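entry.pdb follows; it contains PDB, C-alpha atoms and all ligand atoms.
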```
ATOM      1  CA  MET A   1     -14.637  -6.728  -0.924
ATOM      2  CA  ARG A   2     -14.150  -8.061   2.597
ATOM      3  CA  ILE A   3     -10.469  -8.668   3.236
ATOM      4  CA  ALA A   4      -8.627 -10.373   6.095
ATOM      5  CA  ILE A   5      -4.868 -10.201   6.523
ATOM      6  CA  ALA A   6      -3.129 -13.087   8.299
ATOM      7  CA  HIS A   7       0.557 -12.771   9.030
ATOM      8  CA  ASN A   8       3.507 -13.843  11.109
ATOM      9  CA  THR A   9       5.345 -11.407  13.358
ATOM     10  CA  ASN A  10       8.695 -11.051  11.568
ATOM     11  CA  GLU A  11       9.992  -7.505  11.350
ATOM     12  CA  GLU A  12       9.846  -7.528   7.546
ATOM     13  CA  THR A  13       6.333  -8.984   7.578
ATOM     14  CA  LEU A  14       5.057  -6.264   9.892
ATOM     15  CA  LYS A  15       6.408  -3.569   7.531
ATOM     16  CA  VAL A  16       4.699  -5.228   4.558
ATOM     17  CA  VAL A  17       1.432  -5.575   6.511
ATOM     18  CA  ALA A  18       1.462  -1.890   7.500
ATOM     19  CA  HIS A  19       1.994  -0.868   3.859
ATOM     20  CA  LEU A  20      -0.626  -3.317   2.614
ATOM     21  CA  LYS A  21      -3.240  -1.987   5.057
ATOM     22  CA  LYS A  22      -2.434   1.584   4.031
ATOM     23  CA  ILE A  23      -2.960   0.989   0.328
ATOM     24  CA  LEU A  24      -5.985  -1.242   0.781
ATOM     25  CA  ALA A  25      -7.614   1.501   2.880
ATOM     26  CA  THR A  26      -7.454   3.833  -0.151
ATOM     27  CA  LYS A  27      -9.495   1.402  -2.281
ATOM     28  CA  GLU A  28     -13.195   1.955  -2.570
ATOM     29  CA  GLY A  29     -15.330  -0.909  -1.283
ATOM     30  CA  VAL A  30     -12.651  -2.506   0.895
ATOM     31  CA  VAL A  31     -13.785  -3.620   4.322
ATOM     32  CA  PHE A  32     -11.374  -5.291   6.733
ATOM     33  CA  ASP A  33     -13.286  -8.282   8.040
ATOM     34  CA  ALA A  34     -11.331 -10.958   9.853
ATOM     35  CA  LYS A  35     -14.490 -13.030  10.541
ATOM     36  CA  TYR A  36     -16.184 -13.422   7.180
ATOM     37  CA  PRO A  37     -13.705 -12.386   4.480
ATOM     38  CA  ASP A  38     -14.018 -12.886   0.713
ATOM     39  CA  VAL A  39     -10.250 -12.699   0.327
ATOM     40  CA  VAL A  40      -7.569 -13.728   2.827
ATOM     41  CA  ILE A  41      -4.146 -12.211   2.172
ATOM     42  CA  THR A  42      -1.353 -13.931   4.048
ATOM     43  CA  VAL A  43       2.031 -12.345   4.651
ATOM     44  CA  GLY A  44       4.872 -14.624   5.784
ATOM     45  CA  GLY A  45       5.666 -18.119   4.593
ATOM     46  CA  ASP A  46       3.853 -21.301   3.626
ATOM     47  CA  GLY A  47       3.380 -21.989   7.351
ATOM     48  CA  THR A  48       1.475 -18.692   7.669
ATOM     49  CA  LEU A  49      -0.828 -19.693   4.830
ATOM     50  CA  ILE A  50      -1.411 -23.141   6.359
ATOM     51  CA  ASN A  51      -2.424 -21.507   9.665
ATOM     52  CA  ALA A  52      -4.806 -19.143   7.821
ATOM     53  CA  PHE A  53      -6.268 -22.081   5.900
ATOM     54  CA  HIS A  54      -7.142 -23.834   9.166
ATOM     55  CA  ARG A  55      -8.535 -20.667  10.673
ATOM     56  CA  TYR A  56     -10.947 -20.288   7.746
ATOM     57  CA  GLU A  57     -11.417 -23.937   6.726
ATOM     58  CA  LYS A  58     -15.132 -23.953   7.612
ATOM     59  CA  GLN A  59     -15.688 -21.134   5.109
ATOM     60  CA  ILE A  60     -13.287 -22.530   2.511
ATOM     61  CA  SER A  61     -15.788 -22.603  -0.370
ATOM     62  CA  SER A  62     -16.419 -18.853  -0.177
ATOM     63  CA  ILE A  63     -12.815 -17.659   0.317
ATOM     64  CA  ARG A  64      -9.938 -16.897  -2.052
ATOM     65  CA  PHE A  65      -6.361 -16.749  -0.784
ATOM     66  CA  ILE A  66      -3.433 -14.605  -1.870
ATOM     67  CA  GLY A  67       0.002 -15.373  -0.412
ATOM     68  CA  ILE A  68       2.787 -12.817  -0.027
ATOM     69  CA  HIS A  69       6.141 -14.203   1.072
ATOM     70  CA  THR A  70       8.547 -12.245   3.201
ATOM     71  CA  GLY A  71      11.190 -14.976   3.334
ATOM     72  CA  HIS A  72      11.965 -17.311   0.458
ATOM     73  CA  LEU A  73       9.586 -18.042  -2.440
ATOM     74  CA  GLY A  74       6.986 -20.419  -1.073
ATOM     75  CA  PHE A  75       4.687 -22.984  -2.593
ATOM     76  CA  TYR A  76       1.520 -21.187  -1.515
ATOM     77  CA  THR A  77       2.969 -17.676  -1.648
ATOM     78  CA  ASP A  78       3.394 -16.000  -5.025
ATOM     79  CA  TRP A  79       4.087 -12.384  -4.265
ATOM     80  CA  GLN A  80       7.140 -10.713  -2.786
ATOM     81  CA  GLY A  81       6.773  -8.059  -0.096
ATOM     82  CA  GLN A  82       8.089  -5.396  -2.516
ATOM     83  CA  ASP A  83       5.327  -6.186  -5.039
ATOM     84  CA  VAL A  84       2.423  -5.370  -2.747
ATOM     85  CA  ASP A  85       1.325  -2.293  -4.753
ATOM     86  CA  LYS A  86       1.281  -4.336  -7.972
ATOM     87  CA  MET A  87      -0.640  -7.104  -6.213
ATOM     88  CA  VAL A  88      -3.324  -4.700  -4.935
ATOM     89  CA  ASP A  89      -3.630  -3.068  -8.395
ATOM     90  CA  ALA A  90      -4.037  -6.476  -9.958
ATOM     91  CA  LEU A  91      -6.667  -7.423  -7.389
ATOM     92  CA  PHE A  92      -8.798  -4.380  -8.265
ATOM     93  CA  LEU A  93      -8.051  -3.811 -11.935
ATOM     94  CA  ARG A  94      -7.974  -7.271 -13.387
ATOM     95  CA  GLU A  95     -10.166 -10.288 -13.156
ATOM     96  CA  PRO A  96      -7.774 -12.680 -11.375
ATOM     97  CA  GLU A  97      -7.100 -16.152 -12.655
ATOM     98  CA  SER A  98      -8.290 -18.648 -10.098
ATOM     99  CA  ALA A  99      -6.255 -21.716  -9.185
ATOM    100  CA  LYS A 100      -7.976 -24.464  -7.227
ATOM    101  CA  TYR A 101      -6.094 -27.258  -5.504
ATOM    102  CA  PRO A 102      -7.274 -30.525  -3.938
ATOM    103  CA  LEU A 103      -7.559 -30.965  -0.194
ATOM    104  CA  LEU A 104      -7.293 -34.136   1.845
ATOM    105  CA  GLU A 105     -10.269 -35.288   3.861
ATOM    106  CA  VAL A 106      -9.429 -37.387   6.896
ATOM    107  CA  GLU A 107     -12.182 -39.366   8.575
ATOM    108  CA  LEU A 108     -11.408 -40.867  11.939
ATOM    109  CA  THR A 109     -13.728 -43.626  13.176
ATOM    110  CA  THR A 110     -13.615 -44.499  16.861
ATOM    111  CA  GLU A 111     -14.315 -47.880  18.487
ATOM    112  CA  SER A 112     -17.848 -46.628  19.224
ATOM    113  CA  ASN A 113     -18.282 -45.751  15.507
ATOM    114  CA  GLU A 114     -18.209 -42.029  16.141
ATOM    115  CA  ARG A 115     -16.803 -40.173  13.106
ATOM    116  CA  LYS A 116     -14.621 -37.087  13.150
ATOM    117  CA  HIS A 117     -13.544 -35.163  10.066
ATOM    118  CA  TYR A 118     -10.421 -33.143   9.399
ATOM    119  CA  LEU A 119      -9.241 -31.238   6.351
ATOM    120  CA  ALA A 120      -5.562 -31.073   5.400
ATOM    121  CA  LEU A 121      -3.848 -28.748   2.981
ATOM    122  CA  ASN A 122      -0.460 -30.532   3.028
ATOM    123  CA  GLU A 123      -0.793 -33.949   4.613
ATOM    124  CA  SER A 124      -1.878 -36.168   7.436
ATOM    125  CA  ALA A 125       0.492 -38.656   9.057
ATOM    126  CA  VAL A 126      -0.063 -41.581  11.407
ATOM    127  CA  LYS A 127       3.015 -42.387  13.500
ATOM    128  CA  ARG A 128       4.345 -43.715  16.751
ATOM    129  CA  VAL A 129       6.831 -41.692  18.720
ATOM    130  CA  SER A 130       8.404 -44.704  20.420
ATOM    131  CA  HIS A 131       8.335 -48.305  19.180
ATOM    132  CA  THR A 132       7.023 -49.164  15.771
ATOM    133  CA  LEU A 133       3.589 -48.688  14.325
ATOM    134  CA  GLU A 134       1.831 -51.783  13.055
ATOM    135  CA  ALA A 135      -1.058 -51.100  10.735
ATOM    136  CA  ASN A 136      -3.111 -52.672   7.985
ATOM    137  CA  VAL A 137      -3.410 -50.561   4.876
ATOM    138  CA  TYR A 138      -6.491 -50.880   2.670
ATOM    139  CA  ILE A 139      -7.130 -49.324  -0.735
ATOM    140  CA  ASP A 140     -10.817 -48.975  -1.653
ATOM    141  CA  GLY A 141     -11.652 -51.257   1.285
ATOM    142  CA  LYS A 142      -9.338 -54.116   0.147
ATOM    143  CA  LEU A 143      -6.338 -55.113   2.246
ATOM    144  CA  PHE A 144      -3.190 -53.929   0.464
ATOM    145  CA  GLU A 145      -0.348 -54.478   2.939
ATOM    146  CA  ASN A 146       0.632 -54.955   6.582
ATOM    147  CA  PHE A 147       2.877 -52.083   7.563
ATOM    148  CA  ARG A 148       5.428 -51.979  10.337
ATOM    149  CA  GLY A 149       7.682 -48.993  10.816
ATOM    150  CA  ASP A 150       7.657 -45.391  12.047
ATOM    151  CA  GLY A 151       4.499 -44.362  10.241
ATOM    152  CA  LEU A 152       2.621 -43.476   7.086
ATOM    153  CA  CYS A 153       1.932 -40.132   5.492
ATOM    154  CA  VAL A 154      -0.844 -39.243   3.038
ATOM    155  CA  SER A 155      -0.316 -35.988   1.181
ATOM    156  CA  THR A 156      -2.056 -33.707  -1.277
ATOM    157  CA  PRO A 157      -0.305 -32.635  -4.501
ATOM    158  CA  THR A 158       0.521 -29.204  -2.991
ATOM    159  CA  GLY A 159       1.739 -30.949   0.154
ATOM    160  CA  SER A 160       4.003 -33.224  -1.889
ATOM    161  CA  THR A 161       6.868 -30.700  -1.589
ATOM    162  CA  ALA A 162       6.568 -30.598   2.223
ATOM    163  CA  TYR A 163       6.945 -33.495   4.699
ATOM    164  CA  ASN A 164       6.152 -35.987   1.916
ATOM    165  CA  LYS A 165       9.282 -34.971   0.010
ATOM    166  CA  SER A 166      11.499 -35.274   3.089
ATOM    167  CA  ILE A 167      10.440 -38.903   3.518
ATOM    168  CA  GLY A 168      11.121 -39.841  -0.094
ATOM    169  CA  GLY A 169       7.770 -39.090  -1.734
ATOM    170  CA  ALA A 170       7.494 -37.798  -5.283
ATOM    171  CA  VAL A 171       6.754 -34.182  -6.118
ATOM    172  CA  ILE A 172       3.334 -34.083  -7.774
ATOM    173  CA  HIS A 173       2.078 -31.248  -9.968
ATOM    174  CA  PRO A 174      -0.799 -29.579  -8.051
ATOM    175  CA  LYS A 175      -3.109 -29.707 -11.075
ATOM    176  CA  LEU A 176      -3.295 -33.488 -10.618
ATOM    177  CA  LYS A 177      -6.133 -34.585  -8.404
ATOM    178  CA  ALA A 178      -4.385 -37.445  -6.640
ATOM    179  CA  LEU A 179      -3.272 -38.513  -3.193
ATOM    180  CA  GLN A 180       0.105 -39.949  -2.331
ATOM    181  CA  MET A 181       0.894 -42.358   0.517
ATOM    182  CA  THR A 182       4.510 -42.500   1.642
ATOM    183  CA  GLU A 183       6.080 -44.848   4.164
ATOM    184  CA  ILE A 184       8.172 -43.534   7.052
ATOM    185  CA  ALA A 185      11.030 -45.943   7.797
ATOM    186  CA  SER A 186       9.219 -49.192   7.073
ATOM    187  CA  ILE A 187      10.703 -52.473   8.244
ATOM    188  CA  ASN A 188      11.172 -54.847   5.343
ATOM    189  CA  ASN A 189      12.483 -58.300   6.071
ATOM    190  CA  ARG A 190      11.222 -61.889   5.823
ATOM    191  CA  VAL A 191       8.508 -61.216   8.367
ATOM    192  CA  PHE A 192       7.262 -57.731   7.468
ATOM    193  CA  ARG A 193       6.859 -56.657   3.877
ATOM    194  CA  THR A 194       5.388 -53.538   2.333
ATOM    195  CA  LEU A 195       5.579 -52.117  -1.152
ATOM    196  CA  SER A 196       8.415 -49.825   0.048
ATOM    197  CA  SER A 197       7.710 -47.133  -2.472
ATOM    198  CA  PRO A 198       5.245 -44.242  -2.425
ATOM    199  CA  ILE A 199       1.921 -44.867  -4.138
ATOM    200  CA  VAL A 200      -0.330 -42.357  -5.876
ATOM    201  CA  ILE A 201      -4.037 -43.148  -5.939
ATOM    202  CA  ALA A 202      -6.720 -41.943  -8.357
ATOM    203  CA  PRO A 203      -9.272 -39.229  -7.455
ATOM    204  CA  ASP A 204     -12.104 -41.673  -6.723
ATOM    205  CA  GLN A 205     -10.014 -44.004  -4.549
ATOM    206  CA  TRP A 206      -9.423 -43.972  -0.812
ATOM    207  CA  ILE A 207      -6.888 -45.300   1.647
ATOM    208  CA  THR A 208      -7.764 -46.750   5.050
ATOM    209  CA  ILE A 209      -5.225 -47.223   7.817
ATOM    210  CA  VAL A 210      -6.178 -49.542  10.658
ATOM    211  CA  PRO A 211      -3.496 -49.245  13.343
ATOM    212  CA  ASN A 212      -2.815 -52.365  15.370
ATOM    213  CA  SER A 213      -0.732 -50.495  17.923
ATOM    214  CA  ASP A 214      -1.874 -48.272  20.771
ATOM    215  CA  HIS A 215      -0.397 -44.884  21.520
ATOM    216  CA  PHE A 216      -0.006 -43.747  17.939
ATOM    217  CA  VAL A 217      -0.401 -40.123  16.965
ATOM    218  CA  MET A 218      -2.054 -38.526  13.994
ATOM    219  CA  THR A 219      -1.051 -35.174  12.596
ATOM    220  CA  VAL A 220      -2.883 -32.879  10.196
ATOM    221  CA  ASP A 221      -0.570 -30.315   8.579
ATOM    222  CA  GLY A 222       1.888 -30.788  11.431
ATOM    223  CA  ASN A 223      -0.732 -30.355  14.178
ATOM    224  CA  ARG A 224      -1.226 -33.273  16.522
ATOM    225  CA  ILE A 225      -4.776 -34.580  16.780
ATOM    226  CA  ASN A 226      -5.873 -36.114  20.065
ATOM    227  CA  LEU A 227      -6.943 -39.683  19.487
ATOM    228  CA  HIS A 228      -9.150 -41.720  21.775
ATOM    229  CA  ASN A 229     -10.155 -45.242  20.826
ATOM    230  CA  ALA A 230      -9.397 -44.787  17.155
ATOM    231  CA  LYS A 231     -10.505 -47.776  15.063
ATOM    232  CA  LYS A 232      -9.614 -46.679  11.537
ATOM    233  CA  ILE A 233      -8.673 -43.628   9.523
ATOM    234  CA  ASP A 234      -9.886 -43.030   5.963
ATOM    235  CA  PHE A 235      -8.103 -40.670   3.593
ATOM    236  CA  ARG A 236      -9.723 -39.386   0.407
ATOM    237  CA  ILE A 237      -9.748 -36.298  -1.768
ATOM    238  CA  SER A 238     -12.194 -33.817  -0.307
ATOM    239  CA  ASN A 239     -15.034 -32.364  -2.333
ATOM    240  CA  LYS A 240     -13.768 -28.991  -1.095
ATOM    241  CA  GLU A 241     -10.828 -27.197  -2.704
ATOM    242  CA  ILE A 242      -8.598 -24.285  -1.796
ATOM    243  CA  ARG A 243      -8.830 -21.336  -4.192
ATOM    244  CA  PHE A 244      -6.073 -18.859  -4.901
ATOM    245  CA  ASP A 245      -6.313 -15.583  -6.814
ATOM    246  CA  ARG A 246      -3.468 -15.747  -9.278
ATOM    247  CA  PHE A 247      -2.082 -13.046 -11.531
ATOM    248  CA  GLY A 248       0.464 -14.753 -13.771
ATOM    249  CA  HIS A 249       1.977 -16.861 -11.015
ATOM    250  CA  THR A 250       5.346 -18.599 -10.914
ATOM    251  CA  HIS A 251       5.542 -21.805 -12.957
ATOM    252  CA  PHE A 252       5.292 -24.784 -10.560
ATOM    253  CA  TRP A 253       8.509 -26.484 -11.678
ATOM    254  CA  SER A 254      10.408 -23.167 -11.436
ATOM    255  CA  ARG A 255       9.238 -22.968  -7.832
ATOM    256  CA  VAL A 256      10.434 -26.524  -7.191
ATOM    257  CA  GLN A 257      13.749 -25.738  -8.862
ATOM    258  CA  SER A 258      14.196 -22.524  -6.899
ATOM    259  CA  ALA A 259      13.337 -24.191  -3.561
ATOM    260  CA  PHE A 260      15.359 -27.379  -3.881
ATOM    261  CA  ILE A 261      17.972 -27.075  -6.628
ATOM    262  CA  GLY A 262      18.808 -23.395  -7.155
ATOM    263  CA  ASP A 263      17.788 -21.108 -10.020
ATOM    264  CA  LYS A 264      19.068 -22.020 -13.474
ATOM    265  CA  HIS A 265      18.210 -19.909 -16.493
ATOM    266  CA  ASP A 266      18.304 -21.749 -19.758
ATOM    267  CA  THR A 267      15.616 -22.848 -22.192
ATOM    268  CA  ILE A 268      15.579 -25.232 -25.102
TER     269      ILE A 268
HETATM  270  P1  LIG A 301       6.354 -25.101   9.729
HETATM  271  O1  LIG A 301       7.455 -24.497  10.497
HETATM  272  O2  LIG A 301       5.098 -24.321   9.483
HETATM  273  O3  LIG A 301       6.913 -25.601   8.317
HETATM  274  C1  LIG A 301       8.113 -26.334   8.219
HETATM  275  C2  LIG A 301       8.737 -26.022   6.864
HETATM  276  O4  LIG A 301       7.943 -26.616   5.830
HETATM  277  C3  LIG A 301       8.808 -24.510   6.568
HETATM  278  O5  LIG A 301      10.047 -24.243   5.972
HETATM  279  C4  LIG A 301       7.665 -24.299   5.579
HETATM  280  O6  LIG A 301       7.880 -23.220   4.698
HETATM  281  C5  LIG A 301       7.728 -25.626   4.819
HETATM  282  N1  LIG A 301       6.489 -25.961   4.100
HETATM  283  C6  LIG A 301       5.216 -25.950   4.543
HETATM  284  N2  LIG A 301       4.381 -26.334   3.577
HETATM  285  C7  LIG A 301       5.143 -26.588   2.486
HETATM  286  C8  LIG A 301       4.859 -27.040   1.168
HETATM  287  N3  LIG A 301       3.617 -27.319   0.788
HETATM  288  N4  LIG A 301       5.906 -27.234   0.318
HETATM  289  C9  LIG A 301       7.171 -26.988   0.700
HETATM  290  N5  LIG A 301       7.512 -26.552   1.925
HETATM  291  C10 LIG A 301       6.503 -26.370   2.799
HETATM  292  O7  LIG A 301       6.059 -26.521  10.405
HETATM  293  P2  LIG A 301       4.816 -27.172  11.116
HETATM  294  O8  LIG A 301       3.862 -26.120  11.608
HETATM  295  O9  LIG A 301       5.348 -28.180  12.045
HETATM  296  O10 LIG A 301       4.091 -27.971   9.927
HETATM  297  C11 LIG A 301       3.587 -27.369   8.760
HETATM  298  C12 LIG A 301       4.012 -28.190   7.591
HETATM  299  O11 LIG A 301       5.433 -28.214   7.524
HETATM  300  C13 LIG A 301       3.580 -29.646   7.663
HETATM  301  O12 LIG A 301       2.369 -29.806   6.996
HETATM  302  C14 LIG A 301       4.716 -30.411   7.029
HETATM  303  O13 LIG A 301       4.431 -30.772   5.690
HETATM  304  C15 LIG A 301       5.879 -29.442   6.992
HETATM  305  N6  LIG A 301       6.970 -30.012   7.798
HETATM  306  C16 LIG A 301       7.931 -30.696   7.164
HETATM  307  C17 LIG A 301       8.944 -31.314   7.889
HETATM  308  C18 LIG A 301       9.999 -32.083   7.157
HETATM  309  O14 LIG A 301      10.095 -31.928   5.940
HETATM  310  N7  LIG A 301      10.770 -32.912   7.855
HETATM  311  C19 LIG A 301       8.976 -31.222   9.255
HETATM  312  C20 LIG A 301       7.974 -30.484   9.883
HETATM  313  C21 LIG A 301       6.955 -29.889   9.126
HETATM  314  P3  LIG A 301       7.855 -21.670   5.165
HETATM  315  O15 LIG A 301       9.211 -21.435   5.748
HETATM  316  O16 LIG A 301       7.616 -20.923   3.885
HETATM  317  O17 LIG A 301       6.752 -21.512   6.175
END
```
Here is the file; what I need is its structure written in the form of structure tokens.
Ligand code: NAP
Amino acid sequence: MRIAIAHNTNEETLKVVAHLKKILATKEGVVFDAKYPDVVITVGGDGTLINAFHRYEKQISSIRFIGIHTGHLGFYTDWQGQDVDKMVDALFLREPESAKYPLLEVELTTESNERKHYLALNESAVKRVSHTLEANVYIDGKLFENFRGDGLCVSTPTGSTAYNKSIGGAVIHPKLKALQMTEIASINNRVFRTLSSPIVIAPDQWITIVPNSDHFVMTVDGNRINLHNAKKIDFRISNKEIRFDRFGHTHFWSRVQSAFIGDKHDTI
């Protein structure tokens, strides 16, 4: 098994990484291979996993991820630093359950009809830093609305708890193969009118944003993409997925509760 470890540089993380390397080295058949791994173990937070995802996105169909969190329980990170021994045992003794989640494919078309593709784990947003963004929004190629405001965000189900949630989007269970578009501070008056609520589109549908303003920016998982002569941006569910090795992972709604409400222990 070829394993890569991706991590942040927190003191606690570095301790966990040192221990993880030590116990993995005792396992027969383990090769540390940061270039072509079968399994990528991340140690840190969700941000660490997102960075690892982008590092290995070209090999995404042949990689499984395992996330260890050294801060708070994350949405992509199941294991706690103290459970590393259990995690390694589970990796070698049991056939792990595999969880696959949808990814967002972003296709940018330039004025000269050149196409560029990006893959997002959380979301992609189109915004203007100063002044408002004017854009036409199409669903399946049909004009849906004329937007004016700070921007628009299209997120995956796993990304629904990230930026999407902060701008009023719904939290979507990651088993649902759907994309959500959320408005960022839209202007709604007699002149400009949008739906004003997030929309969730079906797996075979796509959203197109045609910006009518210059100087807008596009982000993919928080990273700014350099845009030159962008004509339109299409958002659809990718035919690629991210795969996690899971060993009895935390229930999704318990994770949501723990992250945003606080743990409550009661059942009906
Ligand atoms: P970052 O520092 O890596 O992440 C910002 C925060 O978002 C961190 O607390 C991170 O958790 C959390 N996060 C990331 N993915 C999440 C998910 N799927 N569900 C819930 N929380 C999540 O920031 P970045 O490098 O600029 O951008 C990475 C991502 O962070 C973006 O894709 C965006 O969704 C999110 N973000 C959100 C806001 C906002 O809500 N206003 C602002 C900036 C970025 P960890 O602490 O576990 O890493």
*asked:* To test your reading of the syntax: which residues would the PyMOL selection byres (((chain A and resi 254) around 12) and not hetatm) return for the file shown? Reply as a VMD selection string.
replied: chain A and resid 73 to 75 78 173 249 to 253 255 to 267
*Go through A:Leu152, A:Ile41, A:Ile60, A:Ala120 and flag the residue nearest ligand LIG 301 (chain A), using all atoms listed in the file for the distances.*
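Checking each of A:Leu152, A:Ile41, A:Ile60, A:Ala120 against ligand LIG 301 (chain A), counting all atoms listed in the file, the winner is A:Ala120.
For the pair CA of Thr132 (chain A) and CA of Thr161 (chain A), the interatomic distance is 25.3 Å.
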*Pick out the residues sitting within 12 Å of Ile63 (chain A), and hand them over as a ChimeraX atom specification; count only C-alpha atoms, and ignore anything fewer than 6 positions along from it in its own chain.*
/A:1-4,34-41,52-53,55-57,98,100,240-245
*Quick one: distance from CA of Glu134 (chain A) to CA of Trp206 (chain A) in Å, one decimal?*
19.5 Å
*Kindly indicate which residue among A:Asn164, A:Thr42, A:Thr48, A:Gln80 lies nearest to Met181 (chain A), using all atoms listed in the file for the distances.*
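Nearest to Met181 (chain A): A:Asn164.
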*With the file shown as input, list the residues that the PyMOL selection byres (((chain A and resi 23-30) around 12) and not hetatm) selects, as a PyMOL selection string.*
chain A and resi 1-5+16-22+31-33+37-39+41+84-89+91-93
*asked:* Using all atoms listed in the file, which residues have at least one atom no more than 9 Å from ligand LIG 301 (chain A)? Output them as a PyMOL selection string.
replied: chain A and resi 44-51+69-77+120-124+155-167+219-223+256+259
_One number please: CA of Val191 (chain A) to CA of Ala170 (chain A), in Å, one decimal._
27.1 Å
Would you mind listing what lies within 9 Å of Glu111 (chain A) as a CSV table (one decimal) with C-alpha atoms, in the frame of the given file, with only C-alpha atoms counted and same-chain residues fewer than 5 positions away left out?
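result-v7.csv was written with the following content:
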```
chain,number,residue,atom,x,y,z
A,228,HIS,CA,-9.2,-41.7,21.8
A,229,ASN,CA,-10.2,-45.2,20.8
A,230,ALA,CA,-9.4,-44.8,17.2
A,231,LYS,CA,-10.5,-47.8,15.1
A,232,LYS,CA,-9.6,-46.7,11.5
```
Need the axis-aligned box for region 142-160 of chain A with 5 Å each side, so what are the centre and edges in Å to one decimal, as JSON?
```
{"center_x": -0.8, "center_y": -42.2, "center_z": 3.8, "size_x": 27.0, "size_y": 35.9, "size_z": 26.5}
```
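Each of A:Arg64, A:His54, A:His117, A:His7 was checked against Phe235 (chain A) using all atoms listed in the file; the smallest atom-to-atom distance is that of A:His117.
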*If you count all atoms listed in the file, which residues fall within 8 Å of region 208-214 of chain A, apart from same-chain ones fewer than 5 positions away, as an MDAnalysis selection string?*
chainID A and resid 133:141 231:235
*Which residue gives the smallest distance to Thr13 (chain A) among A:Ile207, A:Thr182, A:Gln82, A:Leu104, with all atoms listed in the file counted?*
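Closest to Thr13 (chain A), using all atoms listed in the file: A:Gln82.
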_Could you list, as a VMD selection string, every residue matched by the PyMOL selection byres (((chain A and resi 126) around 7) and not hetatm) in this structure?_
chain A and resid 124 to 125 127 151 to 153 216 to 219
